[in-house]
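Structure data follow from run-v2.cif (mmCIF, C-alpha atoms):
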data_query
#
loop_
_atom_site.label_atom_id
_atom_site.label_comp_id
_atom_site.auth_asym_id
_atom_site.auth_seq_id
_atom_site.Cartn_x
_atom_site.Cartn_y
_atom_site.Cartn_z
CA LEU A 1 92.02 169.97 -14.87
CA ALA A 2 95.30 171.82 -14.92
CA LYS A 3 95.22 174.75 -17.33
CA THR A 4 98.07 175.04 -19.81
CA THR A 5 99.44 178.01 -21.71
CA GLN A 6 101.59 177.67 -24.80
CA PRO A 7 102.49 180.00 -27.68
CA ILE A 8 99.97 180.23 -30.47
CA SER A 9 102.53 179.85 -33.24
CA MET A 10 106.24 179.41 -33.94
CA ASP A 11 108.25 179.58 -37.15
CA SER A 12 111.44 177.69 -37.86
CA TYR A 13 113.67 176.53 -40.68
CA GLU A 14 114.69 173.05 -41.72
CA GLY A 15 117.52 171.63 -39.65
CA GLN A 16 116.92 173.88 -36.66
CA GLU A 17 115.87 172.80 -33.18
CA VAL A 18 112.40 173.88 -32.10
CA ASN A 19 111.57 174.35 -28.42
CA ILE A 20 107.96 174.82 -27.32
CA THR A 21 107.38 175.82 -23.72
CA CYS A 22 104.13 175.06 -21.93
CA SER A 23 103.16 176.67 -18.63
CA HIS A 24 101.06 174.71 -16.14
CA ASN A 25 101.26 176.50 -12.80
CA ASN A 26 98.51 174.48 -11.09
CA ILE A 27 99.79 171.02 -11.99
CA ALA A 28 98.77 168.39 -9.44
CA THR A 29 101.03 165.83 -7.81
CA ASN A 30 99.57 162.94 -9.83
CA ASP A 31 99.58 164.77 -13.17
CA TYR A 32 101.72 163.75 -16.12
CA ILE A 33 102.71 166.04 -18.98
CA THR A 34 101.83 164.69 -22.40
CA TRP A 35 102.44 166.15 -25.85
CA TYR A 36 100.55 165.41 -29.04
CA GLN A 37 101.14 166.34 -32.68
CA GLN A 38 98.34 166.94 -35.17
CA PHE A 39 98.62 167.27 -38.93
CA PRO A 40 95.79 168.86 -40.95
CA SER A 41 92.82 166.53 -41.48
CA GLN A 42 94.23 163.91 -39.10
CA GLY A 43 93.69 162.92 -35.51
CA PRO A 44 96.32 163.87 -32.92
CA ARG A 45 99.29 161.56 -32.45
CA PHE A 46 101.05 160.95 -29.13
CA ILE A 47 104.64 162.22 -29.09
CA ILE A 48 106.00 161.98 -25.57
CA GLN A 49 105.06 161.89 -21.90
CA GLY A 50 106.95 162.77 -18.74
CA TYR A 51 106.58 163.33 -15.03
CA LYS A 52 109.81 165.05 -14.06
CA THR A 53 113.37 165.76 -15.30
CA LYS A 54 114.05 164.72 -18.88
CA VAL A 55 112.51 162.19 -21.20
CA THR A 56 113.81 161.42 -24.69
CA ASN A 57 112.53 159.20 -27.45
CA GLU A 58 113.22 158.86 -31.15
CA VAL A 59 111.04 161.85 -31.99
CA ALA A 60 111.52 164.48 -29.26
CA SER A 61 112.79 165.37 -25.82
CA LEU A 62 110.76 166.68 -22.94
CA PHE A 63 112.37 168.82 -20.25
CA ILE A 64 110.57 169.31 -16.95
CA PRO A 65 112.09 171.48 -14.19
CA ALA A 66 111.94 170.46 -10.55
CA ASP A 67 108.89 172.60 -9.74
CA ARG A 68 107.02 171.06 -12.72
CA LYS A 69 105.21 174.36 -13.38
CA SER A 70 106.36 174.35 -16.99
CA SER A 71 107.74 171.95 -19.56
CA THR A 72 109.58 172.28 -22.87
CA LEU A 73 109.14 170.04 -25.88
CA SER A 74 112.27 169.96 -28.00
CA LEU A 75 112.16 168.84 -31.64
CA PRO A 76 115.71 168.34 -32.95
CA ARG A 77 116.62 169.18 -36.55
CA VAL A 78 113.10 169.77 -37.83
CA SER A 79 112.04 169.11 -41.40
CA LEU A 80 109.12 170.38 -43.47
CA SER A 81 107.12 167.35 -42.37
CA ASP A 82 107.23 168.55 -38.76
CA THR A 83 104.87 171.41 -39.65
CA ALA A 84 101.89 170.68 -37.41
CA VAL A 85 99.98 171.75 -34.32
CA TYR A 86 101.50 170.63 -31.03
CA TYR A 87 99.39 170.24 -27.91
CA CYS A 88 100.54 170.18 -24.31
CA LEU A 89 98.25 168.27 -21.93
CA VAL A 90 98.51 167.96 -18.17
CA GLY A 91 96.67 165.32 -16.18
CA ASP A 92 96.40 161.58 -15.69
CA LEU A 93 93.70 159.65 -17.52
CA SER A 94 94.10 156.66 -15.23
CA ASN A 95 92.81 158.84 -12.35
CA ASP A 96 90.96 161.86 -13.74
CA TYR A 97 89.55 160.33 -16.94
CA LYS A 98 89.68 163.74 -18.63
CA LEU A 99 92.47 165.53 -20.47
CA SER A 100 92.00 169.00 -21.89
CA PHE A 101 93.38 170.02 -25.27
CA GLY A 102 94.05 173.72 -25.50
CA ALA A 103 94.49 175.60 -28.76
CA GLY A 104 97.98 174.20 -29.26
CA THR A 105 101.05 175.70 -30.92
CA THR A 106 101.17 175.85 -34.70
CA VAL A 107 104.74 175.16 -35.77
CA THR A 108 105.61 176.11 -39.33
CA VAL A 109 108.89 174.83 -40.75
CA ARG A 110 110.21 176.61 -43.83
CA ALA A 111 112.83 175.48 -46.31
CA ASN B 1 96.00 145.81 -35.80
CA ALA B 2 93.62 148.29 -37.38
CA GLY B 3 93.91 150.58 -34.34
CA VAL B 4 90.96 152.97 -33.99
CA THR B 5 88.48 153.03 -36.86
CA GLN B 6 85.66 155.49 -37.42
CA THR B 7 82.76 155.46 -39.83
CA PRO B 8 81.59 157.31 -41.78
CA LYS B 9 84.42 159.59 -42.90
CA PHE B 10 82.02 162.28 -44.09
CA GLN B 11 78.36 162.96 -43.34
CA VAL B 12 75.87 165.68 -44.20
CA LEU B 13 72.71 165.96 -42.12
CA LYS B 14 69.72 168.21 -42.10
CA THR B 15 68.72 170.01 -38.94
CA GLY B 16 66.72 167.70 -36.70
CA GLN B 17 68.01 164.44 -38.14
CA SER B 18 69.66 161.88 -35.92
CA MET B 19 72.59 159.61 -36.63
CA THR B 20 75.25 157.46 -35.02
CA LEU B 21 78.97 157.85 -35.50
CA GLN B 22 80.74 154.54 -35.14
CA CYS B 23 84.05 153.95 -33.37
CA ALA B 24 85.86 150.68 -32.84
CA GLN B 25 89.29 149.70 -31.49
CA ASP B 26 91.09 146.37 -31.55
CA MET B 27 93.72 147.05 -28.87
CA ASN B 28 91.62 145.90 -25.90
CA HIS B 29 91.80 149.39 -24.45
CA GLU B 30 89.73 150.16 -21.40
CA TYR B 31 89.42 153.91 -21.98
CA MET B 32 87.60 155.39 -24.98
CA SER B 33 86.56 158.95 -25.68
CA TRP B 34 84.89 161.22 -28.19
CA TYR B 35 86.15 164.71 -29.03
CA ARG B 36 84.95 167.38 -31.37
CA GLN B 37 87.22 169.85 -33.11
CA ASP B 38 85.89 173.05 -34.60
CA PRO B 39 87.93 174.92 -37.24
CA GLY B 40 91.14 176.41 -35.86
CA MET B 41 90.47 175.16 -32.35
CA GLY B 42 91.64 172.43 -30.05
CA LEU B 43 89.73 169.27 -29.22
CA ARG B 44 86.88 169.30 -26.71
CA LEU B 45 85.84 166.18 -24.83
CA ILE B 46 82.22 165.11 -25.41
CA HIS B 47 81.90 161.79 -23.56
CA TYR B 48 84.23 159.12 -22.32
CA SER B 49 84.12 155.55 -21.06
CA VAL B 50 86.45 153.71 -18.68
CA GLY B 51 85.13 150.28 -19.56
CA ALA B 52 82.17 148.33 -20.91
CA GLY B 53 78.96 149.55 -19.33
CA ILE B 54 80.54 152.72 -17.90
CA THR B 55 80.22 156.13 -19.55
CA ASP B 56 80.42 159.72 -18.34
CA GLN B 57 80.16 163.26 -19.64
CA GLY B 58 83.02 165.43 -20.80
CA GLU B 59 83.12 169.19 -21.39
CA VAL B 60 80.43 169.44 -24.11
CA PRO B 61 77.97 166.54 -23.74
CA ASN B 62 74.71 168.28 -24.64
CA GLY B 63 73.03 166.89 -27.74
CA TYR B 64 75.03 163.65 -27.69
CA ASN B 65 74.53 160.18 -26.22
CA VAL B 66 76.98 157.30 -25.92
CA SER B 67 76.92 153.68 -24.84
CA ARG B 68 79.62 151.07 -24.32
CA SER B 69 78.22 147.58 -24.55
CA THR B 70 81.55 146.01 -25.52
CA THR B 71 85.21 146.86 -24.95
CA GLU B 72 85.71 147.38 -28.68
CA ASP B 73 82.85 149.70 -29.66
CA PHE B 74 81.91 153.19 -28.51
CA PRO B 75 79.24 154.77 -30.75
CA LEU B 76 78.26 158.43 -30.50
CA ARG B 77 74.64 159.35 -31.18
CA LEU B 78 73.45 162.75 -32.26
CA LEU B 79 69.87 162.99 -31.07
CA SER B 80 68.61 165.93 -33.14
CA ALA B 81 71.32 167.50 -35.26
CA ALA B 82 71.87 171.26 -35.13
CA PRO B 83 74.15 173.48 -37.27
CA SER B 84 76.24 174.10 -34.12
CA GLN B 85 77.24 170.42 -34.23
CA THR B 86 79.03 170.90 -37.55
CA SER B 87 82.53 169.78 -36.65
CA VAL B 88 85.14 167.06 -36.99
CA TYR B 89 84.62 164.24 -34.53
CA PHE B 90 87.50 162.14 -33.25
CA CYS B 91 87.32 158.94 -31.29
CA ALA B 92 90.28 157.86 -29.18
CA SER B 93 91.28 154.94 -27.00
CA SER B 94 93.97 154.15 -24.45
CA GLY B 95 94.71 151.57 -21.85
CA ALA B 96 97.11 149.99 -19.43
CA SER B 97 98.89 148.13 -22.25
CA HIS B 98 100.68 151.37 -23.17
CA SER B 99 99.83 154.29 -20.92
CA TYR B 100 96.39 155.70 -20.32
CA ASN B 101 97.68 159.09 -21.38
CA GLU B 102 98.87 157.73 -24.74
CA GLN B 103 95.61 157.99 -26.61
CA PHE B 104 95.28 156.51 -30.09
CA PHE B 105 93.02 158.58 -32.33
CA GLY B 106 90.88 157.56 -35.25
CA PRO B 107 90.91 159.39 -38.61
CA GLY B 108 87.86 161.47 -37.75
CA THR B 109 84.34 161.99 -39.08
CA ARG B 110 83.64 165.29 -40.80
CA LEU B 111 80.03 166.22 -40.07
CA THR B 112 78.09 169.05 -41.67
CA VAL B 113 74.62 169.97 -40.42
CA LEU B 114 72.58 172.12 -42.77
#
Since I need it in another form, could you write the structure as structure tokens?
Amino acid sequence: LAKTTQPISMDSYEGQEVNITCSHNNIATNDYITWYQQFPSQGPRFIIQGYKTKVTNEVASLFIPADRKSSTLSLPRVSLSDTAVYYCLVGDLSNDYKLSFGAGTTVTVRA
Amino acid sequence: NAGVTQTPKFQVLKTGQSMTLQCAQDMNHEYMSWYRQDPGMGLRLIHYSVGAGITDQGEVPNGYNVSRSTTEDFPLRLLSAAPSQTSVYFCASSGASHSYNEQFFGPGTRLTVL
């Protein structure tokens, strides 16, 4: 399983853009990069997945450089309700059957 | 669709007792998994299944058994509960209908072992 490193915590204010960078130096050729969001007392929720370059959906954008050794989750114009823990996962469940959740990044959005 | 459901929501056990945590999904997903989450930590994989009749161990399988007799159900059995198994347990499922890496999680079971 590819090991990931992400910041333990980040603070932001409402309306700002939040960028969380995840390092995954030993990513394998078949691995995807997947991000989850978890609110207190809830199960994680899938946000976005990518393999290379840029992926955007209605919630976030995911930027992946050519060497794929890192990735950045971008949350545009955050609100108080975006306060959560964000997890970066690297792997491919269709092949490896295991994905490892690290400690995640606690994002706190203030008014 | 109900998605992924888990029962019970809360459970208190005494050391040495056994119990089964239930998990069911109605999305016809092939892949199902059980995680535990200790306070302030990430999720750790206990067991997983890639289809009915097929199960395998994750990172922390000791003290737990699973079975997968149907596509929908994936129960987790605690054989002899220990205080170290006090945790929140999450069941998840995914499949080819979305992406295997897009796991859908249940609401969790909060287990306390005294």
Selected by the PyMOL selection byres ((chain B) within 9 of (chain A)) in the shown coordinates: which residues, as JSON, numbers by chain? {"B": [31, 40, 41, 42, 43, 44, 45, 48, 49, 50, 58, 59, 88, 90, 91, 92, 94, 95, 96, 99, 100, 101, 102, 103, 104, 105, 106, 107, 108]}
Give me, as a PyMOL selection string, all polymer residues having an atom no more than 12 Å from Val12 of chain B, counting all atoms listed in the file and skipping those fewer than 6 positions away in the same chain. chain B and resi 18-19+81-83+85-88+109-114
Take the selection from the previous step and output its residues with C-alpha atoms, as a PDB file, keeping the file's coordinate frame.
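Final file, selection_6.pdb:
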ATOM      1  CA  SER B  18      69.660 161.880 -35.920  1.00  0.00           C
ATOM      2  CA  MET B  19      72.590 159.610 -36.630  1.00  0.00           C
ATOM      3  CA  ALA B  81      71.320 167.500 -35.260  1.00  0.00           C
ATOM      4  CA  ALA B  82      71.870 171.260 -35.130  1.00  0.00           C
ATOM      5  CA  PRO B  83      74.150 173.480 -37.270  1.00  0.00           C
ATOM      6  CA  GLN B  85      77.240 170.420 -34.230  1.00  0.00           C
ATOM      7  CA  THR B  86      79.030 170.900 -37.550  1.00  0.00           C
ATOM      8  CA  SER B  87      82.530 169.780 -36.650  1.00  0.00           C
ATOM      9  CA  VAL B  88      85.140 167.060 -36.990  1.00  0.00           C
ATOM     10  CA  THR B 109      84.340 161.990 -39.080  1.00  0.00           C
ATOM     11  CA  ARG B 110      83.640 165.290 -40.800  1.00  0.00           C
ATOM     12  CA  LEU B 111      80.030 166.220 -40.070  1.00  0.00           C
ATOM     13  CA  THR B 112      78.090 169.050 -41.670  1.00  0.00           C
ATOM     14  CA  VAL B 113      74.620 169.970 -40.420  1.00  0.00           C
ATOM     15  CA  LEU B 114      72.580 172.120 -42.770  1.00  0.00           C
TER      16      LEU B 114
END
Name the residues in contact with Val109 of chain A at a cut-off of 8 Å, using all atoms listed in the file, excluding same-chain residues fewer than 5 positions from it; report them as a CSV table (one decimal) with C-alpha atoms, in the coordinates of the input.
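Dumped everything to selection.csv:
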chain,number,residue,atom,x,y,z
A,11,ASP,CA,108.2,179.6,-37.2
A,12,SER,CA,111.4,177.7,-37.9
A,13,TYR,CA,113.7,176.5,-40.7
A,14,GLU,CA,114.7,173.0,-41.7
A,78,VAL,CA,113.1,169.8,-37.8
A,79,SER,CA,112.0,169.1,-41.4
A,80,LEU,CA,109.1,170.4,-43.5
A,81,SER,CA,107.1,167.4,-42.4
A,82,ASP,CA,107.2,168.6,-38.8
A,83,THR,CA,104.9,171.4,-39.6
Residue neighbourhood segment 52-58 of chain A, 10 Å, only C-alpha atoms, exclusion window fewer than 3 positions, as a short mmCIF file (atom, residue, chain, number, x, y, z; two decimals) with C-alpha atoms, keeping the file's coordinate frame:
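So around-v1.cif came out as:
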data_model
loop_
_atom_site.label_atom_id
_atom_site.label_comp_id
_atom_site.auth_asym_id
_atom_site.auth_seq_id
_atom_site.Cartn_x
_atom_site.Cartn_y
_atom_site.Cartn_z
CA TYR A 32 101.72 163.75 -16.12
CA ILE A 33 102.71 166.04 -18.98
CA ILE A 47 104.64 162.22 -29.09
CA ILE A 48 106.00 161.98 -25.57
CA GLN A 49 105.06 161.89 -21.90
CA SER A 61 112.79 165.37 -25.82
CA LEU A 62 110.76 166.68 -22.94
CA PHE A 63 112.37 168.82 -20.25
CA ILE A 64 110.57 169.31 -16.95
CA PRO A 65 112.09 171.48 -14.19
CA ALA A 66 111.94 170.46 -10.55
CA ASP A 67 108.89 172.60 -9.74
CA ARG A 68 107.02 171.06 -12.72
CA SER A 71 107.74 171.95 -19.56
CA THR A 72 109.58 172.28 -22.87
CA LEU A 73 109.14 170.04 -25.88
CA SER A 74 112.27 169.96 -28.00
CA PRO A 76 115.71 168.34 -32.95
#
Counting all atoms listed in the file, note down every residue that has an atom within 8 Å of the point (74.7, 168.7, -29.5) (file coordinates), as a PyMOL selection string. chain B and resi 60-64+78-82+84-85
State, in Å with one decimal place, the distance from atom CA of Thr70 of chain B to atom CA of Gly53 of chain B. 7.6 Å
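What separates atom CA of Ile8 of chain A from atom CA of Ser23 of chain A is a distance of 12.8 Å.
Taking atom CA of Met10 of chain A and atom CA of Asp31 of chain A as the two end points, the separation is 26.3 Å.
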Any idea what's packed within 12 Å of Ser69 of chain B, counting only C-alpha atoms, ignoring anything in its chain fewer than 3 positions away? Could you give it as a PyMOL selection string? chain B and resi 24+49-55+66+72-75
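The environment of Leu76 of chain B within 9 Å, counting only C-alpha atoms and disregarding residues fewer than 3 places along the same chain, consists of Met19, Thr20, Leu21, Gln22, Cys23, Trp34, His47, Tyr64, Asn65, Val66 and Ser67 of chain B.
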Tell me which residues the PyMOL selection byres ((chain B and resi 3) around 7) grabs here, as a ChimeraX atom specification. /B:1-2,4-5,25-27
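What the PyMOL selection byres ((chain A and resi 18) around 6) grabs from this file is Glu17, Asn19, Ser74 and Leu75 of chain A.
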